[in-house]
$ cat protein.txt   # compact mmCIF, C-alpha atoms
# COMPACT_ATOMS: atom_id res chain seq x y z
CA MET J 39 -73.85 58.65 -7.81
CA GLN J 40 -73.49 56.72 -11.02
CA LYS J 41 -73.20 53.43 -9.16
CA LYS J 42 -76.39 54.09 -7.27
CA LYS J 43 -78.38 54.84 -10.42
CA THR J 44 -77.25 51.71 -12.26
CA ARG J 45 -78.00 49.49 -9.29
CA VAL J 46 -81.73 49.17 -9.83
CA PRO J 47 -81.65 47.56 -13.28
CA TYR J 48 -78.67 45.41 -12.38
CA ARG J 49 -80.47 43.81 -9.45
CA ASN J 50 -83.48 42.96 -11.59
CA PRO J 51 -83.45 39.39 -13.02
CA VAL J 52 -85.22 40.53 -16.19
CA LEU J 53 -83.16 43.61 -16.96
CA ALA J 54 -79.85 42.36 -15.60
CA ASP J 55 -79.65 38.80 -16.88
CA GLY J 56 -82.46 38.41 -19.39
CA LEU J 57 -84.25 35.80 -17.30
CA LEU J 58 -87.97 35.46 -18.03
CA ALA J 59 -87.26 36.73 -21.56
CA ALA J 60 -89.14 33.92 -23.27
CA PRO J 61 -92.38 34.17 -21.26
CA LEU J 62 -92.25 37.98 -21.48
CA ALA J 63 -91.79 37.97 -25.24
CA ALA J 64 -94.13 35.12 -26.09
CA PHE J 65 -96.75 35.03 -23.32
CA CYS J 66 -97.15 38.61 -22.08
CA ASP J 67 -98.72 40.01 -25.26
CA SER J 68 -101.77 41.44 -23.49
CA PHE J 69 -102.51 42.99 -20.10
CA ASP J 70 -104.73 40.10 -18.94
CA ARG J 71 -102.17 37.46 -19.85
CA SER J 72 -99.45 39.50 -18.14
CA LEU J 73 -101.65 39.74 -15.04
CA ALA J 74 -102.05 35.95 -14.96
CA GLY J 75 -98.31 35.50 -15.53
CA ALA J 76 -97.42 38.03 -12.83
CA PHE J 77 -99.76 36.32 -10.36
CA VAL J 78 -98.25 32.89 -10.99
CA PHE J 79 -94.72 34.34 -10.82
CA VAL J 80 -95.36 36.10 -7.50
CA CYS J 81 -96.99 33.04 -5.89
CA VAL J 82 -94.39 30.57 -7.09
CA THR J 83 -91.38 32.80 -6.35
CA LEU J 84 -92.52 33.87 -2.88
CA ILE J 85 -93.42 30.40 -1.64
CA THR J 86 -90.56 28.56 -3.36
CA VAL J 87 -87.86 30.92 -2.13
CA LEU J 88 -89.17 30.83 1.44
CA LEU J 89 -89.57 27.05 1.47
CA THR J 90 -86.18 26.36 -0.09
CA ALA J 91 -84.41 28.65 2.38
CA VAL J 92 -84.21 25.68 4.75
CA ILE J 93 -82.25 23.54 2.26
CA PRO J 94 -78.66 23.40 3.54
CA ARG J 95 -75.90 24.85 1.36
CA LYS J 96 -73.74 21.81 2.17
CA LEU J 97 -75.73 19.71 -0.30
CA SER J 98 -74.33 19.36 -3.80
CA LEU J 99 -75.61 21.84 -6.38
CA SER J 100 -77.31 19.06 -8.37
CA LEU J 101 -79.31 17.96 -5.34
CA ARG J 102 -80.19 21.55 -4.46
CA ILE J 103 -81.35 22.20 -8.03
CA LEU J 104 -83.49 19.06 -7.83
CA PHE J 105 -85.11 20.28 -4.60
CA TYR J 106 -85.58 23.84 -5.94
CA SER J 107 -87.20 22.62 -9.19
CA VAL J 108 -89.47 20.13 -7.47
CA THR J 109 -90.59 22.73 -4.91
CA ALA J 110 -91.35 25.27 -7.67
CA ALA J 111 -93.27 22.64 -9.66
CA LEU J 112 -95.28 21.66 -6.56
CA VAL J 113 -96.11 25.28 -5.72
CA TYR J 114 -97.07 25.85 -9.36
CA ILE J 115 -100.07 23.48 -9.06
CA PRO J 116 -102.16 25.49 -6.55
CA ALA J 117 -100.90 28.80 -7.99
CA VAL J 118 -102.11 28.00 -11.49
CA LEU J 119 -105.43 26.68 -10.17
CA VAL J 120 -106.07 29.95 -8.31
CA ALA J 121 -104.90 31.98 -11.34
CA ALA J 122 -107.29 30.07 -13.61
CA THR J 123 -110.26 30.99 -11.41
CA LEU J 124 -109.25 34.66 -10.99
CA ILE J 125 -107.94 35.48 -14.48
CA PRO J 126 -109.23 32.99 -17.06
CA VAL J 127 -106.63 33.08 -19.85
CA SER J 128 -105.09 30.18 -21.74
CA GLY J 129 -101.60 29.64 -20.39
CA GLY J 130 -100.40 26.97 -22.84
CA ILE J 131 -96.82 25.97 -22.20
CA TRP J 132 -95.94 29.43 -20.92
CA LEU J 133 -97.31 29.39 -17.38
CA PRO J 134 -95.17 26.33 -16.50
CA VAL J 135 -92.20 28.14 -18.06
CA ILE J 136 -92.88 31.19 -15.87
CA ALA J 137 -92.95 28.89 -12.85
CA ALA J 138 -89.66 27.25 -13.82
CA VAL J 139 -87.63 30.45 -14.08
CA PRO J 140 -83.87 29.83 -13.77
CA ALA J 141 -83.78 32.42 -10.97
CA LEU J 142 -85.71 29.88 -8.87
CA THR J 143 -83.77 26.80 -9.89
CA VAL J 144 -80.23 26.89 -11.23
CA TYR J 145 -79.49 30.52 -10.18
CA ARG J 146 -81.59 30.50 -7.02
CA ASP J 147 -78.58 30.90 -4.74
CA ARG J 148 -77.25 33.81 -6.79
CA TYR J 149 -80.48 35.79 -6.53
CA PHE J 150 -81.93 34.69 -3.22
CA GLY J 151 -79.03 33.18 -1.33
CA GLY J 152 -77.15 34.60 1.62
CA ARG J 153 -77.96 37.56 3.81
CA GLY J 154 -80.06 39.80 1.60
CA MET J 155 -82.57 37.11 0.70
CA LEU J 156 -85.68 38.90 1.92
CA ARG J 157 -84.62 42.23 0.45
CA ASN J 158 -83.84 40.65 -2.94
CA LEU J 159 -87.07 38.67 -2.83
CA LEU J 160 -89.11 41.80 -2.12
CA ARG J 161 -87.34 43.70 -4.86
CA THR J 162 -87.95 40.89 -7.37
CA LEU J 163 -91.57 40.49 -6.34
CA ILE J 164 -92.19 44.18 -6.97
CA SER J 165 -90.06 44.85 -10.04
CA VAL J 166 -90.66 41.74 -12.17
CA PRO J 167 -94.50 41.76 -12.05
CA LEU J 168 -94.39 45.53 -12.66
CA ILE J 169 -92.28 45.00 -15.78
CA MET J 170 -94.58 42.17 -16.89
CA LEU J 171 -97.71 44.32 -16.52
CA LEU J 172 -96.18 47.36 -18.22
CA PHE J 173 -94.80 45.19 -20.97
CA GLY J 174 -98.15 43.48 -21.58
CA ALA J 175 -100.05 46.78 -21.55
CA VAL J 176 -97.65 48.48 -23.98
CA ARG J 177 -97.62 45.50 -26.33
CA GLU J 178 -101.40 45.18 -26.33
CA MET J 179 -101.91 48.92 -26.81
CA LEU J 180 -99.38 49.42 -29.60
CA GLY J 181 -99.83 45.99 -31.16
CA SER J 182 -103.60 45.69 -31.29
CA GLY J 183 -104.83 49.10 -30.14
CA MET J 184 -106.57 47.63 -27.10
CA LEU J 185 -106.08 47.52 -23.36
CA SER J 186 -107.53 44.66 -21.33
CA GLY J 187 -109.90 43.90 -24.23
CA LYS J 188 -111.16 47.49 -24.65
CA THR J 189 -110.34 49.56 -27.73
CA VAL J 190 -107.96 52.42 -26.91
CA LEU J 191 -106.41 53.29 -30.29
CA THR J 192 -108.38 53.22 -33.53
CA TYR J 193 -105.26 52.24 -35.46
CA PRO J 194 -102.60 50.00 -33.90
CA PRO J 195 -99.24 51.59 -34.79
CA LEU J 196 -97.00 48.53 -34.28
CA PRO J 197 -98.83 45.23 -34.96
CA ILE J 198 -95.49 43.40 -34.97
CA LEU J 199 -95.38 43.73 -31.17
CA CYS J 200 -98.06 41.04 -30.94
CA THR J 201 -95.60 38.45 -32.28
CA PRO J 202 -92.97 36.76 -30.08
CA ALA J 203 -90.17 38.23 -32.18
CA GLY J 204 -91.62 41.73 -31.80
CA GLY J 205 -91.93 41.16 -28.05
CA LEU J 206 -88.31 40.09 -27.86
CA LEU J 207 -87.22 43.17 -29.81
CA LEU J 208 -89.14 45.41 -27.42
CA LEU J 209 -87.64 43.58 -24.45
CA CYS J 210 -84.16 44.05 -25.90
CA CYS J 211 -84.83 47.78 -26.32
CA VAL J 212 -86.00 48.01 -22.70
CA CYS J 213 -82.98 46.06 -21.42
CA ILE J 214 -80.54 48.11 -23.49
CA GLY J 215 -82.23 51.34 -22.35
CA ALA J 216 -82.04 50.17 -18.73
CA VAL J 217 -78.26 49.95 -19.02
CA TYR J 218 -77.66 52.86 -21.38
CA LEU J 219 -79.81 55.57 -19.78
CA PRO J 220 -78.60 55.30 -16.16
CA ASN J 221 -74.98 55.27 -17.39
CA ARG J 222 -75.67 58.29 -19.58
CA ILE J 223 -77.40 60.17 -16.76
CA GLY J 224 -74.54 59.25 -14.44
CA LYS J 225 -71.96 60.58 -16.90
CA GLU J 226 -73.86 63.82 -17.33
CA ALA J 227 -74.27 64.18 -13.56
CA GLU J 228 -70.55 63.75 -12.88
CA PRO J 229 -69.34 67.22 -14.09
CA HIS J 230 -72.08 68.90 -12.05
CA ALA J 231 -71.05 66.96 -8.98
CA ALA J 232 -67.41 67.97 -9.55
CA ARG J 233 -68.31 71.63 -9.60
CA MET X 260 -88.20 11.01 -44.07
CA LEU X 261 -84.88 12.58 -43.14
CA LEU X 262 -85.70 15.60 -45.27
CA ALA X 263 -89.12 15.85 -43.62
CA ASP X 264 -87.49 15.66 -40.19
CA PHE X 265 -84.98 18.34 -41.18
CA LEU X 266 -87.75 20.64 -42.37
CA VAL X 267 -89.66 20.07 -39.14
CA ILE X 268 -86.51 20.89 -37.21
CA LEU X 269 -86.23 24.18 -39.07
CA VAL X 270 -89.89 25.05 -38.71
CA GLN X 271 -90.30 23.94 -35.11
CA ASN X 272 -87.08 25.42 -33.83
CA LEU X 273 -87.75 26.07 -30.16
CA LEU X 274 -85.40 28.99 -29.85
CA PHE X 275 -86.58 31.00 -32.82
CA SER X 276 -90.26 30.09 -33.02
CA GLU X 277 -91.10 29.87 -29.29
CA LEU X 278 -88.09 31.75 -27.85
CA LEU X 279 -87.61 28.94 -25.36
CA GLY X 280 -84.25 28.42 -23.71
CA LEU X 281 -83.10 32.01 -24.06
CA PRO X 282 -81.84 32.40 -20.45
CA SER X 283 -79.65 29.29 -20.68
CA VAL X 284 -78.29 30.49 -24.01
CA ALA X 285 -77.65 33.94 -22.54
CA ALA X 286 -75.87 32.47 -19.50
CA ALA X 287 -73.71 30.19 -21.66
CA GLY X 288 -73.16 32.90 -24.27
CA SER X 289 -71.88 35.47 -21.80
CA ARG X 290 -69.04 33.10 -20.90
CA GLY X 291 -68.50 32.36 -24.57
CA ARG X 292 -67.49 28.73 -24.69
CA GLY X 293 -70.34 26.82 -23.16
CA LEU X 294 -72.96 27.46 -25.80
CA LEU X 295 -72.41 24.31 -27.86
CA ARG X 296 -72.16 22.15 -24.75
CA THR X 297 -75.45 23.65 -23.52
CA GLY X 298 -77.00 22.74 -26.89
CA ILE X 299 -75.74 19.15 -26.74
CA PHE X 300 -76.91 18.62 -23.16
CA THR X 301 -80.27 20.24 -23.96
CA LEU X 302 -80.67 17.74 -26.81
CA LEU X 303 -79.91 14.88 -24.42
CA PHE X 304 -82.36 16.18 -21.82
CA CYS X 305 -85.07 16.76 -24.47
CA VAL X 306 -84.83 13.15 -25.68
CA LEU X 307 -84.59 11.39 -22.32
CA CYS X 308 -87.05 13.59 -20.45
CA ALA X 309 -89.69 13.37 -23.21
CA GLY X 310 -89.36 9.57 -23.13
CA ALA X 311 -89.50 9.42 -19.33
CA VAL X 312 -92.60 11.63 -19.08
CA ALA X 313 -94.39 9.68 -21.84
CA ALA X 314 -93.56 6.39 -20.10
CA VAL X 315 -94.95 7.55 -16.72
CA ARG X 316 -97.93 9.35 -18.25
CA SER X 317 -100.25 6.32 -18.30
CA PHE X 318 -100.09 6.16 -14.47
CA LEU X 319 -101.34 9.75 -14.01
CA PRO X 320 -104.99 10.70 -13.54
CA ILE X 321 -106.16 12.31 -16.82
CA GLN X 322 -107.67 15.40 -15.12
CA LEU X 323 -104.43 16.25 -13.34
CA GLU X 324 -102.05 15.36 -16.17
CA LYS X 325 -101.30 18.91 -17.31
CA LEU X 326 -100.76 20.13 -13.76
CA LEU X 327 -98.41 17.30 -12.93
CA PHE X 328 -96.27 17.48 -16.07
CA PRO X 329 -93.98 20.28 -14.74
CA LEU X 330 -93.43 18.24 -11.58
CA LEU X 331 -92.59 15.12 -13.58
CA ILE X 332 -90.23 17.11 -15.79
CA ALA X 333 -88.54 18.68 -12.75
CA VAL X 334 -88.04 15.27 -11.12
CA SER X 335 -86.76 13.53 -14.27
CA ASN X 336 -84.46 16.42 -15.20
CA GLY X 337 -83.12 16.64 -11.64
CA ILE X 338 -82.39 12.91 -11.49
CA LEU X 339 -80.76 12.96 -14.94
CA ASP X 340 -78.65 15.94 -13.86
CA LEU X 341 -77.49 14.00 -10.78
CA ILE X 342 -76.67 10.91 -12.83
CA LEU X 343 -74.75 12.88 -15.47
CA ILE X 344 -72.71 14.78 -12.89
CA HIS X 345 -71.92 11.52 -11.07
CA LEU X 346 -70.90 9.78 -14.32
CA PHE X 347 -68.65 12.63 -15.40
CA ARG X 348 -67.14 12.78 -11.92
CA LEU X 349 -66.18 9.11 -12.27
CA ILE X 350 -64.41 9.96 -15.54
CA SER X 351 -62.66 13.16 -14.49
CA LYS X 352 -63.22 15.74 -11.75
CA LYS X 353 -61.59 18.46 -13.82
CA LEU X 354 -63.94 17.78 -16.74
CA THR X 355 -66.94 17.75 -14.41
CA LYS X 356 -66.01 21.16 -13.05
CA LYS X 357 -65.79 22.46 -16.60
CA ILE X 358 -69.09 21.12 -17.89
CA ALA X 359 -71.24 21.11 -14.75
CA PRO X 360 -72.66 24.65 -15.37
CA GLN X 361 -73.87 23.60 -18.81
CA ILE X 362 -75.45 20.40 -17.46
CA HIS X 363 -77.28 22.41 -14.79
CA ALA X 364 -78.35 25.04 -17.34
CA ALA X 365 -79.69 22.34 -19.67
CA ALA X 366 -81.50 20.58 -16.80
CA CYS X 367 -83.32 23.79 -15.90
CA SER X 368 -83.73 25.05 -19.45
CA SER X 369 -87.17 26.15 -20.49
CA ALA X 370 -86.36 24.60 -23.89
CA VAL X 371 -86.49 21.12 -22.33
CA LEU X 372 -89.68 22.01 -20.46
CA GLY X 373 -91.27 23.37 -23.62
CA ALA X 374 -90.18 20.43 -25.78
CA VAL X 375 -91.54 17.89 -23.31
CA LEU X 376 -94.80 19.80 -22.80
CA MET X 377 -95.27 20.01 -26.56
CA SER X 378 -94.49 16.31 -26.96
CA THR X 379 -97.27 15.51 -24.48
CA ASP X 380 -99.76 17.24 -26.82
CA TYR X 381 -98.34 15.28 -29.72
CA THR X 382 -98.13 11.68 -28.50
CA HIS X 383 -98.64 9.19 -25.68
CA GLU X 384 -95.90 6.79 -26.76
CA ALA X 385 -92.41 6.96 -25.29
CA GLY X 386 -90.61 6.15 -28.55
CA ILE X 387 -92.43 8.80 -30.57
CA ALA X 388 -92.02 11.31 -27.72
CA MET X 389 -88.26 10.67 -27.74
CA ARG X 390 -88.13 11.23 -31.49
CA TYR X 391 -90.10 14.44 -31.05
CA GLY X 392 -87.69 15.50 -28.29
CA PHE X 393 -84.78 14.67 -30.59
CA ARG X 394 -86.18 16.93 -33.33
CA MET X 395 -86.64 19.76 -30.87
CA GLY X 396 -83.20 19.22 -29.37
CA VAL X 397 -81.50 19.15 -32.77
CA GLY X 398 -83.30 22.38 -33.69
CA PHE X 399 -82.03 23.93 -30.47
CA LEU X 400 -78.50 22.67 -31.17
CA ILE X 401 -78.59 24.17 -34.70
CA ALA X 402 -79.71 27.47 -33.17
CA CYS X 403 -76.84 27.26 -30.65
CA ILE X 404 -74.36 26.68 -33.51
CA LEU X 405 -75.73 29.72 -35.36
CA LEU X 406 -75.45 31.84 -32.22
CA ARG X 407 -71.99 30.51 -31.45
CA LEU X 408 -70.85 31.68 -34.89
CA ALA X 409 -72.20 35.17 -34.21
CA LEU X 410 -71.00 35.31 -30.61
CA PRO X 411 -67.45 36.67 -31.16
CA THR X 412 -68.90 39.69 -32.98
CA LEU X 413 -71.74 40.18 -30.51
CA CYS X 414 -69.35 40.10 -27.54
CA SER X 415 -66.51 42.05 -29.16
CA SER X 416 -65.36 45.42 -27.85
CA LYS X 417 -66.54 47.03 -31.11
CA MET X 418 -70.13 46.58 -29.96
CA PRO X 419 -71.55 49.37 -27.75
CA ALA X 420 -71.39 48.36 -24.09
CA ALA X 421 -75.17 48.48 -23.66
CA VAL X 422 -75.70 45.97 -26.51
CA ARG X 423 -72.71 43.74 -25.85
CA GLY X 424 -73.21 40.16 -24.63
CA TRP X 425 -76.62 38.62 -24.04
CA ARG X 426 -78.51 41.75 -25.11
CA GLY X 427 -76.92 41.57 -28.54
CA LEU X 428 -77.59 37.83 -28.56
CA PHE X 429 -81.28 38.45 -27.86
CA LEU X 430 -81.45 41.09 -30.59
CA TYR X 431 -79.88 38.63 -33.00
CA CYS X 432 -82.36 35.92 -31.90
CA ALA X 433 -85.26 38.32 -32.42
CA LEU X 434 -84.07 39.11 -35.95
CA LEU X 435 -83.56 35.42 -36.75
CA SER X 436 -86.97 34.69 -35.27
CA MET X 437 -88.55 37.31 -37.54
CA ALA X 438 -86.70 35.90 -40.54
CA GLY X 439 -87.86 32.39 -39.59
CA ALA X 440 -91.48 33.58 -39.23
CA CYS X 441 -91.27 35.12 -42.74
CA MET X 442 -89.69 32.01 -44.29
CA PHE X 443 -91.96 29.49 -42.58
CA PRO X 444 -95.27 31.22 -41.77
CA ALA X 445 -97.55 29.22 -39.47

$ encode --input "protein.txt" --output "C-alpha cells"
Amino acid sequence: MQKKKTRVPYRNPVLADGLLAAPLAAFCDSFDRSLAGAFVFVCVTLITVLLTAVIPRKLSLSLRILFYSVTAALVYIPAVLVAATLIPVSGGIWLPVIAAVPALTVYRDRYFGGRGMLRNLLRTLISVPLIMLLFGAVREMLGSGMLSGKTVLTYPPLPILCTPAGGLLLLCCVCIGAVYLPNRIGKEAEPHAAR
Amino acid sequence: MLLADFLVILVQNLLFSELLGLPSVAAAGSRGRGLLRTGIFTLLFCVLCAGAVAAVRSFLPIQLEKLLFPLLIAVSNGILDLILIHLFRLISKKLTKKIAPQIHAAACSSAVLGAVLMSTDYTHEAGIAMRYGFRMGVGFLIACILLRLALPTLCSSKMPAAVRGWRGLFLYCALLSMAGACMFPA
C-alpha cells in the first residue's frame, strides 16, 4: 500500500530527482511563462525521446549523449518558433535550458530507456507540464496577486515567490511534501490494514 | 582587475543568481564525492564551449543565431565530452570509469548552456567569451566548494529523510541565493 502511494512522486523527474529545478524556479514565475515552458518541454521531450529510440544501446554513452543533445537542440528550433507565435513571452536563456533537460540527455536512458519507454514518456508528459502550470499559477497568484495578467488578490501575500530563490524554496517544499506526505499516509494506513 | 573579476564572479554566480546547474549538482551531491570534479569539468566546458561558439558565430546567419546557439553548444559539448573521455581512457581506464559520470554531467549541465548563452549577449570575440566563461565557471566551482562543505551535514542521518540529500542541497542553495540577492542586489 505504502509502496504504491510513494510511486507517483518517485517516477516524476521533477519531484524524484530535482530535474528542471532551475527553469521551474527561475522561469516559471507566471502562468503564461509556465504555459510556454510546458509547451516547449512537451514538444521537445515527445519528439526527442521518440526519435532517439532508434539509437542503438551498443554505442558508447558519450556518443549517445551527443546524439541525444543534438536531437533535442534540433527539435527545440521549431518548438520555440511555434511557442513564440502561440504564447508570446520572453524566454531568455530559460527556454533553451528547458529543452536541454538532463532527463533528455545524460539521464535519457534512465528515464526513457528499456521496456516502459512509452509509459514513462506519457507519465512525464502529463505530470511535468501539470507541475509547471500549477507552480506558475501559484507563484503568480501569491507573488504578485495576479493570474495570467488579471488581478486576483488585492494584496499579494508572498512577493518573495516572484524571485528565483523564492521559487526554489517553494519547489523544495513541494518536493519534500511529495516524499513526506505519501510516507506519512502510508504509515498511518498500515495499522488499519493490519486490523 | 583581479579584484574586479573576483567581485564579478561573486555577483554573477550562475548557481546562486540564476540557479543554473542544479540538476548536475544534485546528481553529483547525492553520491557525495563527485561535486568538486563536476565543478572543475563545468569550468573547463564553460571556457572551451564559450570560445568555440564565439569562434563559429560569425558564420551563422544573424536572424537564426539565437535559435542555433543551443545546437552549437550541444555539438561542441558533445565533441569535447568524447575527446575528454578518450584522453582519460588513454591515461587510465579505472580513472575514466570514476570520472566519466562527472564529465557527462558537466557536458549536459545547464550551467554551461547558460554561461555560453550569456556570453553570446556579452561579446562576439572568442578570447573575451572564454574569459567570460572562465568567470562563470570559477563562480560555479566556488559554489560547488561551498556545497561540498555543507554536504556531509545535508546528507547525514541526523537530517529528516524527506529533506536529506538533494532536497536539503536545494534548500541550502535557495537560502544562499537569497543571501546573495541581499548582499549584491541587481

$ closest_atom_pairs --input "protein.txt" --of "chain X" --to "chain J" --cutoff "7 Å" --atoms "only C-alpha atoms" --output "CSV"
residue,atom,partner,partner_atom,distance
X:Glu277,CA,J:Ala64,CA,6.9
X:Leu278,CA,J:Ala60,CA,5.2
X:Leu279,CA,J:Ala60,CA,5.6
X:Leu281,CA,J:Ala60,CA,6.4
X:Pro282,CA,J:Leu57,CA,5.2
X:Leu326,CA,J:Ile115,CA,5.8
X:Pro329,CA,J:Ala111,CA,5.6
X:Leu330,CA,J:Ala111,CA,4.8
X:Ala333,CA,J:Ser107,CA,5.5
X:Val334,CA,J:Val108,CA,6.2
X:Gly337,CA,J:Leu104,CA,4.5
X:Asp340,CA,J:Ser100,CA,6.5
X:Leu341,CA,J:Ser100,CA,5.6
X:His363,CA,J:Val144,CA,6.4
X:Ala364,CA,J:Val144,CA,6.7
X:Cys367,CA,J:Val144,CA,6.4
X:Ser369,CA,J:Val135,CA,5.9
X:Gly373,CA,J:Ile131,CA,6.3
X:Leu376,CA,J:Ile131,CA,6.5
X:Ala421,CA,J:Ile214,CA,5.4
X:Val422,CA,J:Ile214,CA,6.1
X:Arg426,CA,J:Cys210,CA,6.2
X:Phe429,CA,J:Cys210,CA,6.6
X:Leu430,CA,J:Cys210,CA,6.2
X:Ala433,CA,J:Ala203,CA,4.9
X:Ser436,CA,J:Ala203,CA,5.7
X:Met437,CA,J:Ala203,CA,5.7

$ write_last_selection --input "protein.txt" --atoms "C-alpha atoms" --output "PDB file, in the frame of the given file"
ATOM      1  CA  GLU X 277     -91.100  29.870 -29.290  1.00  0.00           C
ATOM      2  CA  LEU X 278     -88.090  31.750 -27.850  1.00  0.00           C
ATOM      3  CA  LEU X 279     -87.610  28.940 -25.360  1.00  0.00           C
ATOM      4  CA  LEU X 281     -83.100  32.010 -24.060  1.00  0.00           C
ATOM      5  CA  PRO X 282     -81.840  32.400 -20.450  1.00  0.00           C
ATOM      6  CA  LEU X 326    -100.760  20.130 -13.760  1.00  0.00           C
ATOM      7  CA  PRO X 329     -93.980  20.280 -14.740  1.00  0.00           C
ATOM      8  CA  LEU X 330     -93.430  18.240 -11.580  1.00  0.00           C
ATOM      9  CA  ALA X 333     -88.540  18.680 -12.750  1.00  0.00           C
ATOM     10  CA  VAL X 334     -88.040  15.270 -11.120  1.00  0.00           C
ATOM     11  CA  GLY X 337     -83.120  16.640 -11.640  1.00  0.00           C
ATOM     12  CA  ASP X 340     -78.650  15.940 -13.860  1.00  0.00           C
ATOM     13  CA  LEU X 341     -77.490  14.000 -10.780  1.00  0.00           C
ATOM     14  CA  HIS X 363     -77.280  22.410 -14.790  1.00  0.00           C
ATOM     15  CA  ALA X 364     -78.350  25.040 -17.340  1.00  0.00           C
ATOM     16  CA  CYS X 367     -83.320  23.790 -15.900  1.00  0.00           C
ATOM     17  CA  SER X 369     -87.170  26.150 -20.490  1.00  0.00           C
ATOM     18  CA  GLY X 373     -91.270  23.370 -23.620  1.00  0.00           C
ATOM     19  CA  LEU X 376     -94.800  19.800 -22.800  1.00  0.00           C
ATOM     20  CA  ALA X 421     -75.170  48.480 -23.660  1.00  0.00           C
ATOM     21  CA  VAL X 422     -75.700  45.970 -26.510  1.00  0.00           C
ATOM     22  CA  ARG X 426     -78.510  41.750 -25.110  1.00  0.00           C
ATOM     23  CA  PHE X 429     -81.280  38.450 -27.860  1.00  0.00           C
ATOM     24  CA  LEU X 430     -81.450  41.090 -30.590  1.00  0.00           C
ATOM     25  CA  ALA X 433     -85.260  38.320 -32.420  1.00  0.00           C
ATOM     26  CA  SER X 436     -86.970  34.690 -35.270  1.00  0.00           C
ATOM     27  CA  MET X 437     -88.550  37.310 -37.540  1.00  0.00           C
TER      28      MET X 437
END

$ atom_distance --input "protein.txt" --atom1 "CA of Leu346 (chain X)" --atom2 "CA of Ala388 (chain X)"
25.1 Å

$ residues_around --input "protein.txt" --residues "Glu324 (chain X)" --least-positions-apart "2" --cutoff "12 Å" --atoms "all atoms listed in the file" --output "JSON, numbers by chain"
{"J": [115], "X": [312, 313, 315, 316, 317, 318, 319, 320, 321, 322, 326, 327, 328, 329, 330, 331, 332, 376, 379, 380, 383]}

$ residues_around --input "protein.txt" --residues "Val190 (chain J)" --least-positions-apart "6" --cutoff "9 Å" --atoms "only C-alpha atoms" --output "short mmCIF file (atom, residue, chain, number, x, y, z; two decimals) with C-alpha atoms, in the coordinates of the input"
data_model
loop_
_atom_site.label_atom_id
_atom_site.label_comp_id
_atom_site.auth_asym_id
_atom_site.auth_seq_id
_atom_site.Cartn_x
_atom_site.Cartn_y
_atom_site.Cartn_z
CA MET J 179 -101.91 48.92 -26.81
CA GLY J 183 -104.83 49.10 -30.14
CA MET J 184 -106.57 47.63 -27.10
#

$ atom_distance --input "protein.txt" --atom1 "CA of Asn158 (chain J)" --atom2 "CA of Gly427 (chain X)"
26.5 Å

$ atom_distance --input "protein.txt" --atom1 "CA of Arg148 (chain J)" --atom2 "CA of Lys96 (chain J)"
15.4 Å

$ closest_residue --input "protein.txt" --among "X:Leu405, X:Leu354, X:Leu434, X:Leu307" --to "Ile387 (chain X)" --atoms "all atoms listed in the file"
X:Leu307

$ closest_residue --input "protein.txt" --among "J:Leu97, J:Val82, J:Val120, J:Ile125" --to "Phe69 (chain J)" --atoms "all atoms listed in the file"
J:Ile125

$ closest_residue --input "protein.txt" --among "J:Cys66, J:Leu156, J:Ala91, J:Leu180" --to "Tyr193 (chain J)" --atoms "only C-alpha atoms"
J:Leu180

$ closest_residue --input "protein.txt" --among "X:Met442, X:Met389, X:Leu413, X:Cys305" --to "Leu428 (chain X)" --atoms "only C-alpha atoms"
X:Leu413

$ residues_around --input "protein.txt" --residues "region 167-171 of chain J" --least-positions-apart "5" --cutoff "8 Å" --atoms "only C-alpha atoms" --output "PyMOL selection string"
chain J and resi 62+66+69+72-73+75-77+79-80

$ build_atoms --input "protein.txt" --residues "region 156-166 of chain J" --atoms "N, CA and C atoms" --output "CSV table (one decimal), in the frame of the given file"
chain,number,residue,atom,x,y,z
J,156,LEU,N,-84.4,38.3,1.8
J,156,LEU,CA,-85.7,38.9,1.9
J,156,LEU,C,-85.8,40.2,1.1
J,157,ARG,N,-84.7,41.0,1.2
J,157,ARG,CA,-84.6,42.2,0.4
J,157,ARG,C,-84.7,42.0,-1.1
J,158,ASN,N,-83.9,41.0,-1.5
J,158,ASN,CA,-83.8,40.6,-2.9
J,158,ASN,C,-85.2,40.1,-3.4
J,159,LEU,N,-85.8,39.3,-2.5
J,159,LEU,CA,-87.1,38.7,-2.8
J,159,LEU,C,-88.1,39.8,-3.0
J,160,LEU,N,-88.1,40.7,-2.1
J,160,LEU,CA,-89.1,41.8,-2.1
J,160,LEU,C,-88.9,42.6,-3.4
J,161,ARG,N,-87.7,42.9,-3.7
J,161,ARG,CA,-87.3,43.7,-4.9
J,161,ARG,C,-87.8,43.0,-6.1
J,162,THR,N,-87.5,41.7,-6.2
J,162,THR,CA,-88.0,40.9,-7.4
J,162,THR,C,-89.5,40.8,-7.5
J,163,LEU,N,-90.1,40.6,-6.3
J,163,LEU,CA,-91.6,40.5,-6.3
J,163,LEU,C,-92.3,41.8,-6.7
J,164,ILE,N,-91.6,42.9,-6.5
J,164,ILE,CA,-92.2,44.2,-7.0
J,164,ILE,C,-91.8,44.5,-8.4
J,165,SER,N,-90.5,44.4,-8.7
J,165,SER,CA,-90.1,44.8,-10.0
J,165,SER,C,-90.5,44.0,-11.2
J,166,VAL,N,-90.4,42.6,-11.0
J,166,VAL,CA,-90.7,41.7,-12.2
J,166,VAL,C,-92.1,41.8,-12.6
